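Undergrad: Here it is: the structure, laid out below.
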2 protein chains.
Amino acid sequence: MSVGIRHDDLRRRNRAMVISAVRRAGQPSRTEIAATTGLSHSTISAISADLIQEGILTESKASEPTALKRGRPQIGLALNPEAAAVLTVVLSLNFLSVAVIDYAGQVIAEEQRRLDTLVMPRDELIGECLAIVRRRLQDPDLDVSSVARIAMGIQGITDSHSRAMLWSPITPLTDIPFADILEREFGIPATMENDCNMMAVALRWRDPERYRDNFIAILLSHGIGMGLVLKGELFTGTHSSGGEFGHMIHRPGGALCRCGRRGCVEAYAGNYAIWRSAMGISEDAAPTDVGDADMRALAAKARQEEGPEREAYRRAGEALGFGLGSLFALIDPAPVAMVGVSAAAFDLIEPALREAIAQTAGGQHSNSISFDTEPNELPLIREGCAMRALTFVDQEIFAPGMQARAGKHVA
Amino acid sequence: MSVGIRHDDLRRRNRAMVISAVRRAGQPSRTEIAATTGLSHSTISAISADLIQEGILTESKASEPTALKRGRPQIGLALNPEAAAVLTVVLSLNFLSVAVIDYAGQVIAEEQRRLDTLVMPRDELIGECLAIVRRRLQDPDLDVSSVARIAMGIQGITDSHSRAMLWSPITPLTDIPFADILEREFGIPATMENDCNMMAVALRWRDPERYRDNFIAILLSHGIGMGLVLKGELFTGTHSSGGEFGHMIHRPGGALCRCGRRGCVEAYAGNYAIWRSAMGISEDAAPTDVGDADMRALAAKARQEEGPEREAYRRAGEALGFGLGSLFALIDPAPVAMVGVSAAAFDLIEPALREAIAQTAGGQHSNSISFDTEPNELPLIREGCAMRALTFVDQEIFAPGMQARAGKHVA
DNA sequence: AGGCTTTTTTTCGAGCCTCAAAAAAATAGT
DNA sequence: ACTATTTTTTTGAGGCTCGAAAAAAAGCCT
């Protein structure tokens with residue numbers, strides 16, 4: 001149950017605190033770190049001396065030559081890019097991409113591949129993932145021993161411990177324990193993350209002003225996904241990655257959803273649903289894959305003139321609006337980021353969405369709810385995976401007492 | 001933002017740990033506490049010596065004469081009932097009740113009053129609350145200075161900091177800062193809690209086996225409310241008490257809800273909605289108050305024979321089922337407690353509820369979702385308020401270093 | 001140039017806290 | 001009465017953080 005704080009935890013946590021302050025701030029001086037963490041100067045000094053000695057941080061002279069102030073100039077502290085590296089693997093529909101990222105967060109290598117995820121047998125899909133990772137790890141420029149973590153992101157449902165893919169729209173396969181598979185193969189700790197959760201993580205790093213403690217990232221693509229940050233914490237279900245916004249019920253017994261059930265939000269707002277509706281296909285028809293180009297053409301048509309295309313987006317907006325309204329009834333309104341190809345058509349969606357949300361309990365302050373759009377989800381997912389892996393390393397490097405990861409080894 | 005751990009926090013937190021272990025376990029020995037907190041025996045010994053000396057804990061000889069084990073017998077530690085007292089105030093429809101509770105959780109005095117909450121003007125409503133509290137505090141048997149906290153519970157929406165009632169079905173008044181009012185009047189720290197959240201708190205204390213880390217308490221009464229515990233934490237909205245399950249949208253544009261909007265779950269499952277439907281009154285008709293006795297009669301009629309009454313409960317079950325399904329899509333399934341007068345009619349609700357939930361994403365393991373019922377909400381709310389107040393005191397008594405609250409004062 | 005200010009960083013002693021091990025206490029069994 | 005066993009308390013050592021003071025590294029001023 002609840003566990004007391006041991007004395008040795010103290011240093012461990014405060015080290016984590018310092019590292020995270022540096023990662024957030026970029027090049028803070030010791031004084032700045034003391035201010036943000038609330039710890040004393042002497043503690044910061046001691047901890048940062050340790051971290052520098054262990055090769056985790058480096059002193060980088062000029063924080064900025066701006067504002068030539070009096071007094072001893074501050075010495076900026078930065079993450080040592082060579083302290084470690086992490087690997088991100090993003091698996092999406094017919095597409096696999098891998099990147100190697102240094103400890104400071106810079107991409108130092110990447111590789112991408114097309115493959116037919118929908119029809120690949122289990123062994124082949126896993127094999128492709130392992131192969132692309134292996135190729136990156138064999139890169140002679142890379143010190144394999146420095147790779148401290150692999151974060152894999154996938155469209156679909158993962159378990160709440162970020163170990164396995166439970167279900168995904170990109171393959172008929174289910175329950176693939178990718179984290180275990182990667183760990184067994186390469187001996188590097190790994191996690192399996194939900195794509196929308198990673199989008200949320202990335203948004204917070206990209207724009208901490210707007211996306212701080214409470215916000216929602218919604219993926220408007222073939223399916224509808226959501227990443228939710230509440231009170232500064234990534235929200236996950238109790239068993240799975242949770243946040244299956246797309247499968248909240250919009251109309252009981254309504255349109256057929258890709259998940260096989262009826263009336264889900266996604267069955268009105270997913271790409272296939274918009275397409276189905278615009279083309280006058282029955283709501284009972286099985287979902288079909290619609291390419292991004294087709295969706296863009298559809299949006300263009302809808303913008304051009306009134307007609308079934310525009311009406312389809314309107315219905316999508318309505319479903320999203322009522323869904324958001326129900327969500328807001330539970331968690332209160334928060335800023336929303338719309339991501340994915342249909343986010344580029346948000347102008348077509350927004351009016352109906354706002355109208356719907358205004359009819360719900362969550363829409364009380366309907367006009368204060370703000371939306372932002374980002375048409376391209378893949379870079380976000382990769383960034384999120386990278387930050388996930390890096391912050392894990394931040395809290396791993398210091399954890400087991402004094403185990404040095406880079407630089408000279410330590411007493 | 002994130003703040004480092006100061007050295008002095010350590011003792012503070014571990015004291016809290018020990019107190020909370022005693023509150024949970026009843027009469028644990030020092031050894032047991034050491035085991036549950038993970039702290040060393042010497043630390044527990046030191047802390048409990050302090051707490052006993054300060055009059056917060058007492059040694060109570062026989063933990064139990066059961067299992068006469070070898071060795072030095074354990075000495076049970078218990079909360080000293082006289083260490084402090086708290087006051088609970090529960091305001092519900094036409095009813096106000098107050099209780100004084102000792103530090104060990106026993107009710108030592110109470111008082112109840114009927115009043116017309118729906119028509120009382122602001123000053124009068126506040127005045128009644130203050131008056132009843134004042135009477136209790138003037139009780140000559142009570143040492144006023146020992147009253148360390150007031151927790152007030154109310155049906156309706158409170159702010160996320162538990163300071164004010166924002167909106168409530170029991171009065172047309174809004175935005176009453178009860179916590180501030182009580183604090184100003186009596187100089188005792190106070191909070192204003194949402195009733196369903198308190199139900200959840202109470203359920204966890206009553207049955208920690210079943211209601212531990214993830215569960216849902218749903219109030220089926222005039223309105224529909226929810227208290228949610230996720231990952232061991234009481235879930236609240238970002239601004240308000242949140243968890244307005246009753247105002248998730250069941251049917252866009254559907255039946256008229258008490259909140260003035262349309263299609264909310266409550267507009268199908270609240271007492272007034274069941275009544276309206278059973279009586280063949282239009283869904284557009286304004287909600288009316290239905291007495292508990294009438295509801296019990298309605299349920300009896302529905303059990304007796306097929307007819308509009310039974311159908312009304314069926315529709316309520318459907319609304320609750322789809323609502324729960326949407327909720328479970330977000331948070332994954334969890335045990336549910338149904339509380340309130342209509343929980344006594346859960347037999348009429350359950351079949352349709354389960355049928356509906358099975359049609360949703362959250363219903364994947366529909367049969368593993370378990371329901372429990374508890375017809376009487378008031379005792380639960382009071383218990384929850386009491387535990388809320390007491391655990392606050394637990395974390396207040398030790399906080400400012402060594403400020404003694406009871407017993408001899410301390411160096 | 002040289003001394004003075006200002007600001008940052010390091011150093012040092014003090015005070016706590018926790019831990020592990022040893023000692024003390026209390027009881028059951030022999 | 002004595003030993004074994006278990007729980008509780010005591011004691012000494014080691015660490016951590018803090019505050020104050022010292023040291024360091026500039027720019028400013030005469």
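Residues are referred to by chain and number: the chain letter is A, B, ... according to the order shown in the structure tokens, the number counts from 1 in that chain, and ligands are numbered separately from 1 in the order shown.
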Using only C-alpha atoms (C1' of nucleotides), determine which residues lie at most 10 Å from region 18-30 of chain C, disregarding the query and same-chain residues fewer than 2 positions distant; provide the list as a PyMOL selection string.

TA: (chain A and resi 5-8) or (chain B and resi 10-11+39-43+68-74) or (chain C and resi 16) or (chain D and resi 2-15)

Undergrad: I need the chain A residues near chain B as a ChimeraX atom specification; criterion: at most 8 Å, counting only C-alpha atoms.

TA: /A:1-7,10,13-14,17,36-39,214,230-231,236-240,242-245,247-252,261-262,322-323,325-327,329-333,359-361

Undergrad: Within 12 Å of chain A, which residues belong to chain C? Use only C-alpha atoms (C1' of nucleotides) and report them as a VMD selection string.

TA: chain C and resid 4 to 12 16 to 19

Undergrad: Taking only region 77-132 of chain B into account, list the residues labelled helix (DSSP H, G or I) by DSSP (computed from the backbone), as a PyMOL selection string.

TA: chain B and resi 81-83+122-132

Undergrad: With all heavy atoms kept, could you save the residues just selected as an mmCIF file, in the first residue's frame?

TA:
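Listed below is the output, part_32.cif:
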data_model
loop_
_atom_site.group_PDB
_atom_site.id
_atom_site.type_symbol
_atom_site.label_atom_id
_atom_site.label_comp_id
_atom_site.auth_asym_id
_atom_site.auth_seq_id
_atom_site.Cartn_x
_atom_site.Cartn_y
_atom_site.Cartn_z
ATOM 1 N N PRO B 81 -8.831 9.195 21.061
ATOM 2 C CA PRO B 81 -10.081 9.845 20.633
ATOM 3 C C PRO B 81 -10.122 11.314 21.025
ATOM 4 O O PRO B 81 -10.789 12.115 20.382
ATOM 5 C CB PRO B 81 -11.158 9.058 21.391
ATOM 6 C CG PRO B 81 -10.525 7.782 21.797
ATOM 7 C CD PRO B 81 -9.065 8.060 21.953
ATOM 8 N N GLU B 82 -9.415 11.661 22.083
ATOM 9 C CA GLU B 82 -9.476 13.038 22.560
ATOM 10 C C GLU B 82 -8.460 13.955 21.880
ATOM 11 O O GLU B 82 -8.382 15.142 22.210
ATOM 12 C CB GLU B 82 -9.254 13.068 24.072
ATOM 13 C CG GLU B 82 -10.385 12.377 24.829
ATOM 14 C CD GLU B 82 -9.970 12.062 26.263
ATOM 15 O OE1 GLU B 82 -9.045 12.723 26.765
ATOM 16 O OE2 GLU B 82 -10.579 11.154 26.861
ATOM 17 N N ALA B 83 -7.701 13.401 20.981
ATOM 18 C CA ALA B 83 -6.667 14.223 20.349
ATOM 19 C C ALA B 83 -7.276 15.377 19.568
ATOM 20 O O ALA B 83 -6.677 16.446 19.437
ATOM 21 C CB ALA B 83 -5.811 13.360 19.434
ATOM 22 N N ARG B 122 -30.995 33.161 0.410
ATOM 23 C CA ARG B 122 -29.590 32.904 0.649
ATOM 24 C C ARG B 122 -29.183 33.050 2.120
ATOM 25 O O ARG B 122 -28.617 32.138 2.712
ATOM 26 C CB ARG B 122 -28.788 33.879 -0.224
ATOM 27 C CG ARG B 122 -27.309 33.600 -0.285
ATOM 28 C CD ARG B 122 -26.643 34.645 -1.191
ATOM 29 N NE ARG B 122 -25.211 34.485 -1.198
ATOM 30 C CZ ARG B 122 -24.552 33.816 -2.144
ATOM 31 N NH1 ARG B 122 -25.215 33.246 -3.124
ATOM 32 N NH2 ARG B 122 -23.236 33.699 -2.078
ATOM 33 N N ASP B 123 -29.524 34.202 2.689
ATOM 34 C CA ASP B 123 -29.090 34.466 4.058
ATOM 35 C C ASP B 123 -29.638 33.439 5.032
ATOM 36 O O ASP B 123 -28.968 33.014 5.967
ATOM 37 C CB ASP B 123 -29.551 35.862 4.516
ATOM 38 C CG ASP B 123 -28.798 36.943 3.768
ATOM 39 O OD1 ASP B 123 -27.776 36.601 3.135
ATOM 40 O OD2 ASP B 123 -29.227 38.104 3.811
ATOM 41 N N GLU B 124 -30.894 33.051 4.772
ATOM 42 C CA GLU B 124 -31.531 32.133 5.691
ATOM 43 C C GLU B 124 -30.884 30.753 5.627
ATOM 44 O O GLU B 124 -30.632 30.111 6.651
ATOM 45 C CB GLU B 124 -33.021 32.045 5.336
ATOM 46 C CG GLU B 124 -33.909 31.648 6.490
ATOM 47 C CD GLU B 124 -35.374 31.703 6.068
ATOM 48 O OE1 GLU B 124 -35.764 32.700 5.392
ATOM 49 O OE2 GLU B 124 -36.101 30.744 6.366
ATOM 50 N N LEU B 125 -30.612 30.312 4.403
ATOM 51 C CA LEU B 125 -29.989 29.000 4.242
ATOM 52 C C LEU B 125 -28.626 28.973 4.935
ATOM 53 O O LEU B 125 -28.308 28.054 5.707
ATOM 54 C CB LEU B 125 -29.826 28.684 2.755
ATOM 55 C CG LEU B 125 -29.245 27.305 2.435
ATOM 56 C CD1 LEU B 125 -30.207 26.210 2.873
ATOM 57 C CD2 LEU B 125 -28.943 27.162 0.949
ATOM 58 N N ILE B 126 -27.834 29.986 4.658
ATOM 59 C CA ILE B 126 -26.523 30.066 5.308
ATOM 60 C C ILE B 126 -26.696 30.171 6.819
ATOM 61 O O ILE B 126 -26.010 29.493 7.590
ATOM 62 C CB ILE B 126 -25.736 31.270 4.764
ATOM 63 C CG1 ILE B 126 -25.417 31.059 3.275
ATOM 64 C CG2 ILE B 126 -24.455 31.474 5.557
ATOM 65 C CD1 ILE B 126 -24.802 32.256 2.601
ATOM 66 N N GLY B 127 -27.689 30.993 7.218
ATOM 67 C CA GLY B 127 -27.925 31.189 8.650
ATOM 68 C C GLY B 127 -28.271 29.890 9.363
ATOM 69 O O GLY B 127 -27.755 29.601 10.435
ATOM 70 N N GLU B 128 -29.107 29.078 8.742
ATOM 71 C CA GLU B 128 -29.476 27.803 9.355
ATOM 72 C C GLU B 128 -28.253 26.910 9.536
ATOM 73 O O GLU B 128 -28.093 26.240 10.558
ATOM 74 C CB GLU B 128 -30.515 27.085 8.479
ATOM 75 C CG GLU B 128 -31.921 27.643 8.573
ATOM 76 C CD GLU B 128 -32.618 27.252 9.881
ATOM 77 O OE1 GLU B 128 -32.058 26.443 10.652
ATOM 78 O OE2 GLU B 128 -33.722 27.773 10.131
ATOM 79 N N CYS B 129 -27.402 26.901 8.535
ATOM 80 C CA CYS B 129 -26.209 26.061 8.614
ATOM 81 C C CYS B 129 -25.311 26.545 9.752
ATOM 82 O O CYS B 129 -24.808 25.751 10.561
ATOM 83 C CB CYS B 129 -25.439 26.087 7.298
ATOM 84 S SG CYS B 129 -26.317 25.291 5.947
ATOM 85 N N LEU B 130 -25.115 27.837 9.810
ATOM 86 C CA LEU B 130 -24.253 28.372 10.869
ATOM 87 C C LEU B 130 -24.874 28.104 12.239
ATOM 88 O O LEU B 130 -24.164 27.738 13.190
ATOM 89 C CB LEU B 130 -24.047 29.872 10.665
ATOM 90 C CG LEU B 130 -23.244 30.260 9.430
ATOM 91 C CD1 LEU B 130 -23.099 31.777 9.341
ATOM 92 C CD2 LEU B 130 -21.870 29.614 9.442
ATOM 93 N N ALA B 131 -26.208 28.260 12.333
ATOM 94 C CA ALA B 131 -26.860 28.116 13.629
ATOM 95 C C ALA B 131 -26.709 26.697 14.170
ATOM 96 O O ALA B 131 -26.400 26.491 15.347
ATOM 97 C CB ALA B 131 -28.344 28.469 13.504
ATOM 98 N N ILE B 132 -26.918 25.734 13.291
ATOM 99 C CA ILE B 132 -26.862 24.352 13.780
ATOM 100 C C ILE B 132 -25.427 23.990 14.196
ATOM 101 O O ILE B 132 -25.200 23.280 15.177
ATOM 102 C CB ILE B 132 -27.427 23.374 12.718
ATOM 103 C CG1 ILE B 132 -27.801 22.046 13.369
ATOM 104 C CG2 ILE B 132 -26.463 23.146 11.592
ATOM 105 C CD1 ILE B 132 -28.561 21.119 12.427
#

Undergrad: Select from region 57-248 of chain B everything DSSP, run on the backbone, classes as strand (DSSP E or B), then give the selection as a ChimeraX atom specification.

TA: /B:57-62,75-79,85-92,95-102,107-114,147-154,157-159,165-167,174-176,190-194,215-220,224-230,233-234,240

Undergrad: Ranking A:Ile47, A:Tyr268, A:Gly26, A:Arg135 by minimum distance to chain D and counting only C-alpha atoms (C1' of nucleotides), which one comes first?

TA: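 Looking at the shortest contact to chain D, the residue is A:Ile47.
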
Undergrad: For Leu118 (chain B), list every protein, DNA or RNA residue within 8 Å, evaluated using only C-alpha atoms (C1' of nucleotides), and leave out those in the same chain fewer than 4 positions away; present the list as a PyMOL selection string.

TA: chain B and resi 93-94+170-172

Undergrad: What's the separation between CA of Ala286 (chain A) and CA of Ser221 (chain A), in Å to one decimal place?

TA: 16.8 Å

Undergrad: Using only C-alpha atoms (C1' of nucleotides), I'd like a table of the residues in chain D that come within 8 Å of chain A; for each, show the closest atom pair and its distance in Å rounded to one decimal, ordered by chain and ascending number, as JSON lines.

TA:
{"residue": "D:DG15", "atom": "C1'", "partner": "A:Asp8", "partner_atom": "CA", "distance": 8.0}
{"residue": "D:DC16", "atom": "C1'", "partner": "A:Arg11", "partner_atom": "CA", "distance": 7.2}
{"residue": "D:DT17", "atom": "C1'", "partner": "A:Thr43", "partner_atom": "CA", "distance": 6.5}
{"residue": "D:DC18", "atom": "C1'", "partner": "A:Ser40", "partner_atom": "CA", "distance": 6.9}
{"residue": "D:DA24", "atom": "C1'", "partner": "A:Arg72", "partner_atom": "CA", "distance": 7.8}
{"residue": "D:DA25", "atom": "C1'", "partner": "A:Arg72", "partner_atom": "CA", "distance": 4.7}
{"residue": "D:DA26", "atom": "C1'", "partner": "A:Arg72", "partner_atom": "CA", "distance": 4.5}
{"residue": "D:DG27", "atom": "C1'", "partner": "A:Arg70", "partner_atom": "CA", "distance": 5.0}

Undergrad: Quick one: distance from CA of Ala179 (chain B) to CA of Arg163 (chain B) in Å, one decimal?

TA: 4.9 Å
